[in-house]
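Visitor: Below is structure-v6.cif; it holds mmCIF, C-alpha atoms and all ligand atoms.
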```cif
data_query
#
loop_
_atom_site.group_PDB
_atom_site.id
_atom_site.type_symbol
_atom_site.label_atom_id
_atom_site.label_comp_id
_atom_site.auth_asym_id
_atom_site.auth_seq_id
_atom_site.Cartn_x
_atom_site.Cartn_y
_atom_site.Cartn_z
ATOM 1 C CA MET A 1 7.720 17.198 -14.823
ATOM 2 C CA THR A 2 5.524 14.479 -13.415
ATOM 3 C CA ARG A 3 2.148 15.719 -12.244
ATOM 4 C CA ILE A 4 0.123 13.795 -9.718
ATOM 5 C CA LEU A 5 -3.556 14.434 -9.104
ATOM 6 C CA ILE A 6 -4.596 14.003 -5.470
ATOM 7 C CA ALA A 7 -8.367 13.516 -5.212
ATOM 8 C CA GLU A 8 -9.044 13.586 -1.495
ATOM 9 C CA ASP A 9 -11.627 15.513 0.513
ATOM 10 C CA GLU A 10 -9.778 15.378 3.817
ATOM 11 C CA GLU A 11 -7.563 18.425 3.681
ATOM 12 C CA ARG A 12 -5.242 17.101 6.362
ATOM 13 C CA ILE A 13 -4.444 14.076 4.206
ATOM 14 C CA SER A 14 -4.203 15.853 0.844
ATOM 15 C CA ALA A 15 -1.893 18.496 2.318
ATOM 16 C CA PHE A 16 0.336 15.874 3.912
ATOM 17 C CA VAL A 17 0.518 13.789 0.743
ATOM 18 C CA ALA A 18 1.111 16.839 -1.486
ATOM 19 C CA LYS A 19 3.906 18.073 0.730
ATOM 20 C CA GLY A 20 5.635 14.697 0.666
ATOM 21 C CA LEU A 21 5.262 14.272 -3.091
ATOM 22 C CA GLU A 22 6.540 17.757 -3.763
ATOM 23 C CA SER A 23 9.623 17.179 -1.688
ATOM 24 C CA ALA A 24 10.128 13.974 -3.696
ATOM 25 C CA GLY A 25 10.184 16.132 -6.834
ATOM 26 C CA TYR A 26 6.632 15.781 -8.159
ATOM 27 C CA GLN A 27 4.100 18.449 -9.033
ATOM 28 C CA THR A 28 0.718 17.995 -7.403
ATOM 29 C CA VAL A 29 -2.819 19.079 -8.118
ATOM 30 C CA ILE A 30 -5.390 18.713 -5.333
ATOM 31 C CA VAL A 31 -9.137 18.350 -5.840
ATOM 32 C CA ASP A 32 -11.646 17.495 -3.138
ATOM 33 C CA ASP A 33 -14.574 16.313 -5.209
ATOM 34 C CA GLY A 34 -15.239 13.335 -7.504
ATOM 35 C CA ALA A 35 -16.631 15.213 -10.509
ATOM 36 C CA GLU A 36 -13.711 17.596 -10.438
ATOM 37 C CA ALA A 37 -11.304 14.672 -10.104
ATOM 38 C CA LEU A 38 -12.751 13.085 -13.244
ATOM 39 C CA ASP A 39 -12.552 16.320 -15.241
ATOM 40 C CA THR A 40 -8.997 16.993 -14.154
ATOM 41 C CA ALA A 41 -7.817 13.442 -14.833
ATOM 42 C CA LEU A 42 -9.433 13.477 -18.291
ATOM 43 C CA GLY A 43 -8.056 16.935 -18.983
ATOM 44 C CA GLY A 44 -4.624 15.486 -19.688
ATOM 45 C CA ASP A 45 -1.372 16.691 -18.223
ATOM 46 C CA ILE A 46 -1.746 14.306 -15.269
ATOM 47 C CA ASP A 47 0.592 11.333 -14.968
ATOM 48 C CA LEU A 48 -0.963 9.511 -12.039
ATOM 49 C CA VAL A 49 -4.060 9.785 -9.831
ATOM 50 C CA LEU A 50 -4.290 9.135 -6.106
ATOM 51 C CA LEU A 51 -7.986 8.561 -5.695
ATOM 52 C CA ASP A 52 -9.871 8.519 -2.409
ATOM 53 C CA VAL A 53 -12.917 6.231 -2.390
ATOM 54 C CA GLY A 54 -15.188 8.416 -0.256
ATOM 55 C CA LEU A 55 -15.491 11.634 -2.268
ATOM 56 C CA PRO A 56 -18.398 14.074 -2.600
ATOM 57 C CA THR A 57 -20.573 14.153 -5.788
ATOM 58 C CA ILE A 58 -19.115 10.982 -7.372
ATOM 59 C CA ASP A 59 -17.318 8.383 -5.295
ATOM 60 C CA GLY A 60 -13.859 7.134 -6.190
ATOM 61 C CA PHE A 61 -15.070 3.875 -7.707
ATOM 62 C CA GLU A 62 -17.400 5.766 -10.069
ATOM 63 C CA VAL A 63 -14.620 8.184 -11.018
ATOM 64 C CA LEU A 64 -12.428 5.218 -11.831
ATOM 65 C CA ARG A 65 -15.124 3.430 -13.842
ATOM 66 C CA SER A 66 -15.784 6.596 -15.852
ATOM 67 C CA LEU A 67 -12.081 7.122 -16.485
ATOM 68 C CA ARG A 68 -11.619 3.565 -17.721
ATOM 69 C CA GLY A 69 -14.935 3.726 -19.587
ATOM 70 C CA GLN A 70 -13.591 6.686 -21.507
ATOM 71 C CA GLY A 71 -10.423 4.811 -22.324
ATOM 72 C CA SER A 72 -8.027 6.610 -19.993
ATOM 73 C CA PRO A 73 -5.010 4.410 -19.210
ATOM 74 C CA ILE A 74 -3.714 6.781 -16.514
ATOM 75 C CA PRO A 75 -2.323 4.900 -13.479
ATOM 76 C CA VAL A 76 -4.678 5.105 -10.499
ATOM 77 C CA ILE A 77 -3.878 4.245 -6.905
ATOM 78 C CA MET A 78 -6.963 4.086 -4.692
ATOM 79 C CA LEU A 79 -6.721 5.517 -1.178
ATOM 80 C CA THR A 80 -9.260 4.265 1.254
ATOM 81 C CA ALA A 81 -10.070 3.733 4.880
ATOM 82 C CA ARG A 82 -12.065 0.688 3.922
ATOM 83 C CA THR A 83 -9.984 -2.434 4.043
ATOM 84 C CA SER A 84 -12.509 -5.126 3.304
ATOM 85 C CA THR A 85 -11.726 -7.613 0.593
ATOM 86 C CA ARG A 86 -14.982 -6.642 -1.118
ATOM 87 C CA ASP A 87 -13.824 -3.048 -1.593
ATOM 88 C CA THR A 88 -10.404 -4.121 -2.800
ATOM 89 C CA VAL A 89 -12.002 -6.398 -5.354
ATOM 90 C CA ASP A 90 -14.418 -3.645 -6.432
ATOM 91 C CA GLY A 91 -11.543 -1.204 -6.828
ATOM 92 C CA LEU A 92 -9.405 -3.557 -8.827
ATOM 93 C CA ASP A 93 -12.393 -4.611 -10.953
ATOM 94 C CA ALA A 94 -13.067 -0.970 -11.701
ATOM 95 C CA GLY A 95 -9.545 -0.691 -13.072
ATOM 96 C CA ALA A 96 -7.384 0.529 -10.188
ATOM 97 C CA ASN A 97 -3.697 -0.225 -10.589
ATOM 98 C CA ASP A 98 -3.042 -0.331 -6.898
ATOM 99 C CA TYR A 99 -4.647 0.141 -3.571
ATOM 100 C CA VAL A 100 -3.392 1.766 -0.354
ATOM 101 C CA ALA A 101 -5.397 1.476 2.856
ATOM 102 C CA LYS A 102 -5.487 4.406 5.267
ATOM 103 C CA PRO A 103 -3.723 5.006 7.470
ATOM 104 C CA PHE A 104 -0.623 4.526 5.373
ATOM 105 C CA LYS A 105 2.979 5.487 5.829
ATOM 106 C CA PHE A 106 4.052 8.114 3.326
ATOM 107 C CA ASP A 107 7.069 6.035 2.309
ATOM 108 C CA GLU A 108 4.749 3.186 1.418
ATOM 109 C CA LEU A 109 2.643 5.465 -0.766
ATOM 110 C CA LEU A 110 5.722 6.955 -2.417
ATOM 111 C CA ALA A 111 7.065 3.491 -3.204
ATOM 112 C CA ARG A 112 3.772 2.615 -4.913
ATOM 113 C CA VAL A 113 3.726 5.890 -6.822
ATOM 114 C CA ARG A 114 7.248 5.290 -8.088
ATOM 115 C CA SER A 115 6.484 1.754 -9.029
ATOM 116 C CA ARG A 116 3.306 2.795 -10.918
ATOM 117 C CA LEU A 117 5.168 5.499 -12.784
ATOM 118 C CA ARG A 118 7.844 2.920 -13.571
ATOM 119 C CA GLU A 119 10.491 5.498 -12.956
ATOM 120 C CA PRO A 120 14.028 4.420 -12.417
ATOM 121 C CA VAL A 121 14.712 4.747 -8.722
ATOM 122 C CA SER A 122 17.272 7.494 -8.543
ATOM 123 C CA VAL A 123 18.250 7.220 -4.904
ATOM 124 C CA GLY A 124 19.197 3.567 -5.245
ATOM 125 C CA SER A 125 17.327 0.770 -3.630
ATOM 126 C CA ILE A 126 16.626 0.359 0.035
ATOM 127 C CA THR A 127 16.926 -3.277 0.836
ATOM 128 C CA ILE A 128 16.185 -5.024 4.079
ATOM 129 C CA ALA A 129 17.771 -8.423 4.198
ATOM 130 C CA HIS A 130 17.957 -11.279 6.648
ATOM 131 C CA GLY A 131 19.730 -14.455 5.642
ATOM 132 C CA ASP A 132 18.843 -15.134 2.019
ATOM 133 C CA VAL A 133 15.567 -13.191 2.170
ATOM 134 C CA SER A 134 15.596 -9.630 0.936
ATOM 135 C CA LEU A 135 12.967 -6.960 0.473
ATOM 136 C CA ASP A 136 13.455 -3.896 -1.671
ATOM 137 C CA VAL A 137 11.150 -1.404 -0.018
ATOM 138 C CA LEU A 138 11.175 1.044 -2.913
ATOM 139 C CA THR A 139 10.388 -1.339 -5.735
ATOM 140 C CA ARG A 140 8.519 -3.674 -3.358
ATOM 141 C CA ARG A 141 10.299 -6.725 -4.662
ATOM 142 C CA ALA A 142 10.824 -9.667 -2.389
ATOM 143 C CA SER A 143 13.249 -12.467 -3.023
ATOM 144 C CA ILE A 144 14.844 -15.558 -1.575
ATOM 145 C CA GLY A 145 18.324 -15.693 -3.011
ATOM 146 C CA ALA A 146 17.858 -14.959 -6.707
ATOM 147 C CA ARG A 147 14.244 -16.157 -6.756
ATOM 148 C CA GLU A 148 11.617 -13.429 -6.752
ATOM 149 C CA ILE A 149 8.605 -13.961 -4.489
ATOM 150 C CA ASP A 150 5.259 -12.500 -5.427
ATOM 151 C CA LEU A 151 3.666 -10.758 -2.436
ATOM 152 C CA SER A 152 0.490 -8.736 -2.029
ATOM 153 C CA ALA A 153 0.901 -5.268 -0.541
ATOM 154 C CA ARG A 154 -0.188 -6.471 2.884
ATOM 155 C CA GLU A 155 2.046 -9.521 2.784
ATOM 156 C CA PHE A 156 4.947 -7.275 1.851
ATOM 157 C CA ALA A 157 4.192 -4.928 4.750
ATOM 158 C CA LEU A 158 4.041 -7.835 7.176
ATOM 159 C CA ALA A 159 7.259 -9.371 5.846
ATOM 160 C CA GLU A 160 8.925 -5.956 6.102
ATOM 161 C CA GLU A 161 7.850 -5.623 9.742
ATOM 162 C CA PHE A 162 9.242 -9.060 10.530
ATOM 163 C CA LEU A 163 12.530 -8.457 8.741
ATOM 164 C CA ARG A 164 13.052 -5.103 10.415
ATOM 165 C CA HIS A 165 12.707 -6.907 13.725
ATOM 166 C CA ALA A 166 14.233 -10.258 12.841
ATOM 167 C CA GLY A 167 14.879 -12.393 15.902
ATOM 168 C CA GLN A 168 12.397 -10.423 18.045
ATOM 169 C CA VAL A 169 9.002 -11.630 19.149
ATOM 170 C CA LEU A 170 6.230 -9.453 17.713
ATOM 171 C CA SER A 171 2.816 -9.719 19.337
ATOM 172 C CA ARG A 172 -0.414 -9.842 17.334
ATOM 173 C CA GLU A 173 -1.271 -6.418 18.775
ATOM 174 C CA GLN A 174 2.011 -4.933 17.545
ATOM 175 C CA LEU A 175 1.504 -6.419 14.096
ATOM 176 C CA LEU A 176 -2.119 -5.257 13.905
ATOM 177 C CA SER A 177 -1.058 -1.765 14.830
ATOM 178 C CA ARG A 178 2.008 -1.501 12.590
ATOM 179 C CA VAL A 179 0.837 -3.419 9.534
ATOM 180 C CA TRP A 180 -2.928 -2.902 9.575
ATOM 181 C CA GLY A 181 -3.023 0.428 11.438
ATOM 182 C CA LEU A 182 -5.487 -1.040 13.923
ATOM 183 C CA ASP A 183 -5.123 -0.127 17.565
ATOM 184 C CA PHE A 184 -7.663 -2.712 18.589
ATOM 185 C CA ASP A 185 -8.119 -6.366 17.861
ATOM 186 C CA PRO A 186 -10.933 -6.660 15.304
ATOM 187 C CA GLY A 187 -11.581 -10.112 16.735
ATOM 188 C CA SER A 188 -10.451 -11.801 13.564
ATOM 189 C CA ASN A 189 -7.436 -13.988 13.070
ATOM 190 C CA VAL A 190 -6.138 -11.782 10.262
ATOM 191 C CA VAL A 191 -2.553 -11.802 11.591
ATOM 192 C CA ASP A 192 -2.496 -15.591 11.779
ATOM 193 C CA VAL A 193 -3.934 -15.853 8.283
ATOM 194 C CA TYR A 194 -1.253 -13.588 6.825
ATOM 195 C CA VAL A 195 1.497 -15.363 8.751
ATOM 196 C CA ARG A 196 0.256 -18.529 7.073
ATOM 197 C CA TYR A 197 0.466 -16.848 3.660
ATOM 198 C CA LEU A 198 4.040 -15.769 4.346
ATOM 199 C CA ARG A 199 5.014 -19.225 5.569
ATOM 200 C CA ALA A 200 3.655 -20.694 2.356
ATOM 201 C CA LYS A 201 5.743 -18.285 0.316
ATOM 202 C CA PHE A 202 8.971 -18.120 2.305
ATOM 203 C CA GLY A 203 9.003 -21.548 3.929
ATOM 204 C CA ALA A 204 7.283 -22.624 7.129
ATOM 205 C CA GLY A 205 10.394 -22.577 9.302
ATOM 206 C CA ARG A 206 11.099 -18.869 8.969
ATOM 207 C CA ILE A 207 8.308 -17.633 11.203
ATOM 208 C CA VAL A 208 8.157 -19.274 14.601
ATOM 209 C CA THR A 209 5.028 -19.189 16.748
ATOM 210 C CA VAL A 210 5.911 -18.164 20.302
ATOM 211 C CA ARG A 211 3.056 -19.487 22.349
ATOM 212 C CA GLY A 212 1.143 -16.777 24.181
ATOM 213 C CA ALA A 213 3.453 -14.061 22.876
ATOM 214 C CA GLY A 214 3.308 -13.812 19.091
ATOM 215 C CA TYR A 215 5.608 -14.561 16.201
ATOM 216 C CA ARG A 216 9.322 -14.328 15.539
ATOM 217 C CA TRP A 217 11.159 -14.255 12.213
ATOM 218 C CA GLN A 218 14.310 -16.320 12.320
HETATM 219 CA CA CA B 301 -12.870 10.850 1.835
#
```
Represent the structure contained in this file as structure tokens.

Guide:
Amino acid sequence: MTRILIAEDEERISAFVAKGLESAGYQTVIVDDGAEALDTALGGDIDLVLLDVGLPTIDGFEVLRSLRGQGSPIPVIMLTARTSTRDTVDGLDAGANDYVAKPFKFDELLARVRSRLREPVSVGSITIAHGDVSLDVLTRRASIGAREIDLSAREFALAEEFLRHAGQVLSREQLLSRVWGLDFDPGSNVVDVYVRYLRAKFGAGRIVTVRGAGYRWQ
């Protein structure tokens, strides 16, 4: 049976994640401290680690560096409230396989876990399609016709939000809230930047700017 180590010091989050993973058929082990996380991950018998960045005794980045330093190839998905590019780069440099920013939807986390474990998806794929664009939300593959499109996690989440609401205008506030989990405008043009990324990948005409209102996928 696949065992997943959850290293997270917020009990509310570890309990929620463990419950979800167990109902998806995984065994879970919860630790709330970095040193313990490292010991447990190195102890074998763990197939994947969900690793919070902000942990007591040793932070998540250090745990990851030590794991990789000791030659452990175990898949690690970092969980963090920090969403800055700097932290993402640090995490990936330290050897993380993937990165999920809090708050996250459980389904999103589960999709990443499955993809990291490279398990065949037993429940079939869940595909959202509009025209020739399709997104497989379990394997996180995006394609136009038969051509696969390489998307970052955030680009995928934004594309998914658009496709689920194709033809509707989505405001920047709605997108910030649903894709970035922000209930306030951080005063950056992050939505516009990511819309630009998606236009470059899917074609400029697919996302229309609706002046004063937001964006619409068509
Ligand atoms: Ca924490």

Visitor: Would you kindly return, as a PDB file with C-alpha atoms, in the frame of the given file, each protein, DNA or RNA residue with an atom no farther than 12 Å from any atom of A:Glu22, considering all atoms listed in the file and excluding same-chain residues fewer than 2 positions away?

Guide:
```pdb
ATOM      1  CA  MET A   1       7.720  17.198 -14.823  1.00  0.00           C
ATOM      2  CA  THR A   2       5.524  14.479 -13.415  1.00  0.00           C
ATOM      3  CA  ARG A   3       2.148  15.719 -12.244  1.00  0.00           C
ATOM      4  CA  ILE A   4       0.123  13.795  -9.718  1.00  0.00           C
ATOM      5  CA  LEU A   5      -3.556  14.434  -9.104  1.00  0.00           C
ATOM      6  CA  ILE A   6      -4.596  14.003  -5.470  1.00  0.00           C
ATOM      7  CA  SER A  14      -4.203  15.853   0.844  1.00  0.00           C
ATOM      8  CA  ALA A  15      -1.893  18.496   2.318  1.00  0.00           C
ATOM      9  CA  PHE A  16       0.336  15.874   3.912  1.00  0.00           C
ATOM     10  CA  VAL A  17       0.518  13.789   0.743  1.00  0.00           C
ATOM     11  CA  ALA A  18       1.111  16.839  -1.486  1.00  0.00           C
ATOM     12  CA  LYS A  19       3.906  18.073   0.730  1.00  0.00           C
ATOM     13  CA  GLY A  20       5.635  14.697   0.666  1.00  0.00           C
ATOM     14  CA  ALA A  24      10.128  13.974  -3.696  1.00  0.00           C
ATOM     15  CA  GLY A  25      10.184  16.132  -6.834  1.00  0.00           C
ATOM     16  CA  TYR A  26       6.632  15.781  -8.159  1.00  0.00           C
ATOM     17  CA  GLN A  27       4.100  18.449  -9.033  1.00  0.00           C
ATOM     18  CA  THR A  28       0.718  17.995  -7.403  1.00  0.00           C
ATOM     19  CA  VAL A  29      -2.819  19.079  -8.118  1.00  0.00           C
ATOM     20  CA  LEU A 110       5.722   6.955  -2.417  1.00  0.00           C
TER      21      LEU A 110
END
```

Visitor: (16.0, -22.0, 7.8) in this file's frame - what residues fall within 12 Å of it? Use only C-alpha atoms and give the answer as a short mmCIF file (atom, residue, chain, number, x, y, z; two decimals) with C-alpha atoms, in the coordinates of the input.

Guide:
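Output contents, as saved in out_19.cif:
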```
data_model
loop_
_atom_site.label_atom_id
_atom_site.label_comp_id
_atom_site.auth_asym_id
_atom_site.auth_seq_id
_atom_site.Cartn_x
_atom_site.Cartn_y
_atom_site.Cartn_z
CA HIS A 130 17.96 -11.28 6.65
CA GLY A 131 19.73 -14.46 5.64
CA ASP A 132 18.84 -15.13 2.02
CA VAL A 133 15.57 -13.19 2.17
CA ILE A 144 14.84 -15.56 -1.58
CA ARG A 199 5.01 -19.23 5.57
CA PHE A 202 8.97 -18.12 2.31
CA GLY A 203 9.00 -21.55 3.93
CA ALA A 204 7.28 -22.62 7.13
CA GLY A 205 10.39 -22.58 9.30
CA ARG A 206 11.10 -18.87 8.97
CA ILE A 207 8.31 -17.63 11.20
CA VAL A 208 8.16 -19.27 14.60
CA TRP A 217 11.16 -14.26 12.21
CA GLN A 218 14.31 -16.32 12.32
#
```

Visitor: Would you mind listing, for every residue of chain A within 8 Å of ligand CA 301 (chain B), the two atoms forming the shortest contact and the distance between them in Å to one decimal, using only C-alpha atoms and all ligand atoms, sorted by chain and ascending residue number, as a Markdown table?

Guide:
```
| residue | atom | partner | partner_atom | distance |
| --- | --- | --- | --- | --- |
| A:Glu8 | CA | B:CA301 | CA | 5.8 |
| A:Asp9 | CA | B:CA301 | CA | 5.0 |
| A:Glu10 | CA | B:CA301 | CA | 5.8 |
| A:Asp52 | CA | B:CA301 | CA | 5.7 |
| A:Val53 | CA | B:CA301 | CA | 6.3 |
| A:Gly54 | CA | B:CA301 | CA | 4.0 |
| A:Leu55 | CA | B:CA301 | CA | 4.9 |
| A:Pro56 | CA | B:CA301 | CA | 7.8 |
| A:Thr80 | CA | B:CA301 | CA | 7.5 |
```

Visitor: Can you list, as JSON, numbers by chain, every protein, DNA or RNA residue that comes within 9 Å of stretch 157-170 of chain A when you count all atoms listed in the file, leaving out same-chain residues fewer than 6 positions away?

Guide: {"A": [108, 128, 129, 130, 133, 134, 135, 137, 142, 178, 179, 180, 191, 194, 195, 198, 207, 208, 209, 210, 213, 214, 215, 216, 217, 218]}

Visitor: So how many Å separate atom CA of A:Ile58 and atom CA of A:Leu79, to one decimal?

Guide: 14.9 Å

Visitor: Quick check, in Å to one decimal: how far apart do atom CA of A:Leu117 and atom CA of A:Val76 lie?

Guide: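 Computing it gives 10.1 Å between the two atoms.
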
Visitor: Given the point (5.8, -16.7, -3.8) in the coordinates of this file, which residues lie within 9 Å, counting all atoms listed in the file, and how would they look as a PyMOL selection string?

Guide: chain A and resi 142-143+147-151+198+200-202

Visitor: Mind pulling up the distance from atom CA of A:Val113 to atom CA of A:Val100?

Guide: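 Taking atom CA of A:Val100 as the start and atom CA of A:Val113 as the end point, the length is 10.5 Å.
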
Visitor: Determine, counting only C-alpha atoms, which protein, DNA and RNA residues have an atom within 7 Å of an atom of A:Leu64; residues of the same chain fewer than 4 positions away are not included. Present the result as a list of chain:residue names.

Guide: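 Near neighbours after the sequence-gap exclusion: A:Gly60, A:Arg68, A:Ala94, A:Gly95.
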
Visitor: Applying the PyMOL selection byres (((chain A and resi 37) around 9) and not hetatm) to the file I just gave you, which residues come out? Please list them as JSON, numbers by chain.

Guide: {"A": [5, 6, 7, 8, 30, 31, 32, 33, 34, 35, 36, 38, 39, 40, 41, 42, 49, 51, 60, 63]}

Visitor: Once all heavy atoms are restored for stretch 71-80 of chain A, what would the output be as a tab-separated table (two decimals), keeping the file's coordinate frame?

Guide:
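Contents of the output file out26.tsv:
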```tsv
chain	number	residue	atom	x	y	z
A	71	GLY	N	-11.66	5.26	-21.69
A	71	GLY	CA	-10.42	4.81	-22.32
A	71	GLY	C	-9.14	5.39	-21.74
A	71	GLY	O	-8.07	5.24	-22.32
A	72	SER	N	-9.25	6.04	-20.57
A	72	SER	CA	-8.03	6.61	-19.99
A	72	SER	C	-7.16	5.53	-19.35
A	72	SER	O	-7.62	4.79	-18.50
A	72	SER	CB	-8.38	7.66	-18.93
A	72	SER	OG	-7.22	8.01	-18.22
A	73	PRO	N	-5.90	5.43	-19.77
A	73	PRO	CA	-5.01	4.41	-19.21
A	73	PRO	C	-4.21	4.93	-18.01
A	73	PRO	O	-3.32	4.24	-17.51
A	73	PRO	CB	-4.07	4.14	-20.39
A	73	PRO	CG	-3.95	5.47	-21.06
A	73	PRO	CD	-5.25	6.22	-20.83
A	74	ILE	N	-4.51	6.14	-17.56
A	74	ILE	CA	-3.71	6.78	-16.51
A	74	ILE	C	-3.62	5.89	-15.26
A	74	ILE	O	-4.61	5.30	-14.85
A	74	ILE	CB	-4.36	8.17	-16.19
A	74	ILE	CG1	-3.48	9.02	-15.33
A	74	ILE	CG2	-5.71	8.02	-15.53
A	74	ILE	CD1	-3.96	10.47	-15.28
A	75	PRO	N	-2.43	5.73	-14.68
A	75	PRO	CA	-2.32	4.90	-13.48
A	75	PRO	C	-3.12	5.50	-12.31
A	75	PRO	O	-3.07	6.71	-12.09
A	75	PRO	CB	-0.83	4.90	-13.14
A	75	PRO	CG	-0.13	5.52	-14.29
A	75	PRO	CD	-1.13	6.28	-15.10
A	76	VAL	N	-3.86	4.65	-11.63
A	76	VAL	CA	-4.68	5.11	-10.50
A	76	VAL	C	-4.36	4.25	-9.28
A	76	VAL	O	-4.39	3.03	-9.34
A	76	VAL	CB	-6.19	4.98	-10.82
A	76	VAL	CG1	-7.03	5.31	-9.58
A	76	VAL	CG2	-6.58	5.91	-11.97
A	77	ILE	N	-4.05	4.93	-8.19
A	77	ILE	CA	-3.88	4.24	-6.90
A	77	ILE	C	-5.03	4.69	-6.01
A	77	ILE	O	-5.20	5.89	-5.77
A	77	ILE	CB	-2.53	4.60	-6.24
A	77	ILE	CG1	-1.36	4.19	-7.17
A	77	ILE	CG2	-2.40	3.93	-4.87
A	77	ILE	CD1	0.01	4.61	-6.65
A	78	MET	N	-5.83	3.75	-5.56
A	78	MET	CA	-6.96	4.09	-4.69
A	78	MET	C	-6.47	4.26	-3.26
A	78	MET	O	-5.65	3.50	-2.77
A	78	MET	CB	-8.01	2.96	-4.69
A	78	MET	CG	-8.57	2.55	-6.03
A	78	MET	SD	-9.56	3.82	-6.83
A	78	MET	CE	-11.04	3.80	-5.81
A	79	LEU	N	-7.02	5.28	-2.59
A	79	LEU	CA	-6.72	5.52	-1.18
A	79	LEU	C	-8.02	5.31	-0.42
A	79	LEU	O	-9.02	5.93	-0.75
A	79	LEU	CB	-6.30	6.96	-0.93
A	79	LEU	CG	-5.14	7.52	-1.73
A	79	LEU	CD1	-4.91	8.97	-1.34
A	79	LEU	CD2	-3.88	6.70	-1.45
A	80	THR	N	-8.00	4.45	0.56
A	80	THR	CA	-9.26	4.26	1.25
A	80	THR	C	-9.09	3.81	2.68
A	80	THR	O	-8.13	3.15	3.03
A	80	THR	CB	-10.15	3.25	0.52
A	80	THR	OG1	-11.37	3.11	1.26
A	80	THR	CG2	-9.49	1.92	0.38
```
